[in-house]
Amino acid sequence: MESDQVKMNHFRKWTEGKNPFLAVSALNIAGFSKECFVLFESIRKGKRIEGDIPLPSLKTWLKLYRNPKRIGKELLNALGNINDDTAKEVNILKILNKGASQLQNNANKVQNELKKLTQDEWKIIKENSMKMMEEYKELAINDFMSEPNEAERTEFLKNMTKPELIFFIRVMAPCFSLYGTYPHELLRQAQNGDDDALVKLIRLDKSIIFEPKISEIIHQAQALKKQERMSKIKMAYRSSPKVTMNMKKIKCHLAGLISYLSMAMKQKITAADIRNLFDAIAHDMSIDAVDPDIYKMTPETFEKEIQRSRNFWYIILPGKN
């Protein structure tokens, strides 16, 4: 047990003064960078992580262009793939969240009851709360340090066969990385006659030619006066975008998610502190004293990348407009 306590000591230092739930969430998000890299490398090499399972139906696929929140919801579900340790974390969260909810729903009654508490009773409540928070953090750290077993890998890959996640990996993430925009926005521009957006969209997703308005544009482009447009469409269909998703970009995307989450909880973590988190993980995992993928970035550049990525998550995650 003593040896477990010294694990992740740099991360433990980083968590000081932070909400334990936010700190653990940040750890899990930052630690997901390796899995993200494997997924995007599979796509770059033309592999299908979903194996021989066919793509979702065309109708389902095209609907995903109109519902980015649905994609974000399924992405969060996949990242929340539960094993035994995570289940314990979730149980603790439920208990604490239930208590917080009761406090909110019965504020006046609770305030009156709290006034009746003795100093010793306050001390017991505080000690119990701290104990639960520390237990939650320890479970999360142990879970982070352990290698996923075969059953967990199988479950994770099974989740990745969902239409929303296939779309996220094949269309949404590459679209934002390449063009700095979202598939639904690119589609809207293409439908309104923007040839540049149309070419980008077709290069990204060949199935988009079956979308009714895009099909009509292509149909009309066959006219003699539209040969230049038709030529662009044909060239786009024969090519694919060069998706370069290295570890630096992935970590910037995940840093944006951490920033988004911290702001949603009204406990904003600065770009410098997020960078310290990645450094702490690298140090604890015996990789280097600093994160090898982002250490060359200037503080200003890293902060700009976080802001850009935070906007991406703002669009697709549930609960935000």
# chains A, B, ... in the order shown; residues from 1 in each chain; ligands from 1
>>> residues_around(residues="A:Thr301", least_positions_apart="5", cutoff="12 Å", atoms="only C-alpha atoms", output="PyMOL selection string")
chain A and resi 248-249+252+271-272+275+294-296+306-308
>>> write_last_selection(atoms="N, CA, C and O atoms", output="CSV table (one decimal), in the first residue's frame")
chain,number,residue,atom,x,y,z
A,248,LYS,N,1.2,16.0,-30.5
A,248,LYS,CA,1.1,17.3,-30.1
A,248,LYS,C,-0.3,17.9,-30.4
A,248,LYS,O,-0.9,18.5,-29.5
A,249,LYS,N,-0.9,17.6,-31.6
A,249,LYS,CA,-2.2,18.1,-31.9
A,249,LYS,C,-3.3,17.4,-31.0
A,249,LYS,O,-4.2,18.0,-30.5
A,252,CYS,N,-3.2,18.9,-27.6
A,252,CYS,CA,-3.9,20.2,-27.6
A,252,CYS,C,-5.4,20.1,-27.6
A,252,CYS,O,-6.1,20.9,-26.9
A,271,ALA,N,-4.0,27.7,-18.9
A,271,ALA,CA,-3.2,26.9,-19.9
A,271,ALA,C,-1.9,26.5,-19.3
A,271,ALA,O,-1.4,25.3,-19.5
A,272,ALA,N,-1.3,27.3,-18.5
A,272,ALA,CA,0.0,27.0,-17.9
A,272,ALA,C,-0.2,25.8,-16.9
A,272,ALA,O,0.7,24.9,-16.8
A,275,ARG,N,-0.6,22.6,-18.8
A,275,ARG,CA,0.7,22.2,-19.3
A,275,ARG,C,1.5,21.5,-18.2
A,275,ARG,O,2.2,20.5,-18.4
A,294,ILE,N,4.8,18.5,-26.2
A,294,ILE,CA,4.4,19.9,-26.2
A,294,ILE,C,5.4,20.9,-25.6
A,294,ILE,O,5.2,22.1,-25.5
A,295,TYR,N,6.6,20.3,-25.2
A,295,TYR,CA,7.5,21.2,-24.5
A,295,TYR,C,8.1,22.3,-25.3
A,295,TYR,O,8.5,23.3,-24.8
A,296,LYS,N,8.1,22.1,-26.7
A,296,LYS,CA,8.7,23.2,-27.6
A,296,LYS,C,7.7,24.3,-27.8
A,296,LYS,O,8.1,25.3,-28.3
A,306,ILE,N,-5.4,25.8,-27.1
A,306,ILE,CA,-6.4,25.4,-26.1
A,306,ILE,C,-7.7,26.1,-26.4
A,306,ILE,O,-8.8,25.6,-26.4
A,307,GLN,N,-7.6,27.4,-26.6
A,307,GLN,CA,-8.8,28.2,-26.9
A,307,GLN,C,-9.5,27.7,-28.2
A,307,GLN,O,-10.8,27.6,-28.2
A,308,ARG,N,-8.8,27.4,-29.2
A,308,ARG,CA,-9.3,26.9,-30.4
A,308,ARG,C,-10.0,25.5,-30.2
A,308,ARG,O,-11.1,25.3,-30.7
>>> atom_distance(atom1="atom CA of A:Asp195", atom2="atom CA of A:Trp61")
22.2 Å
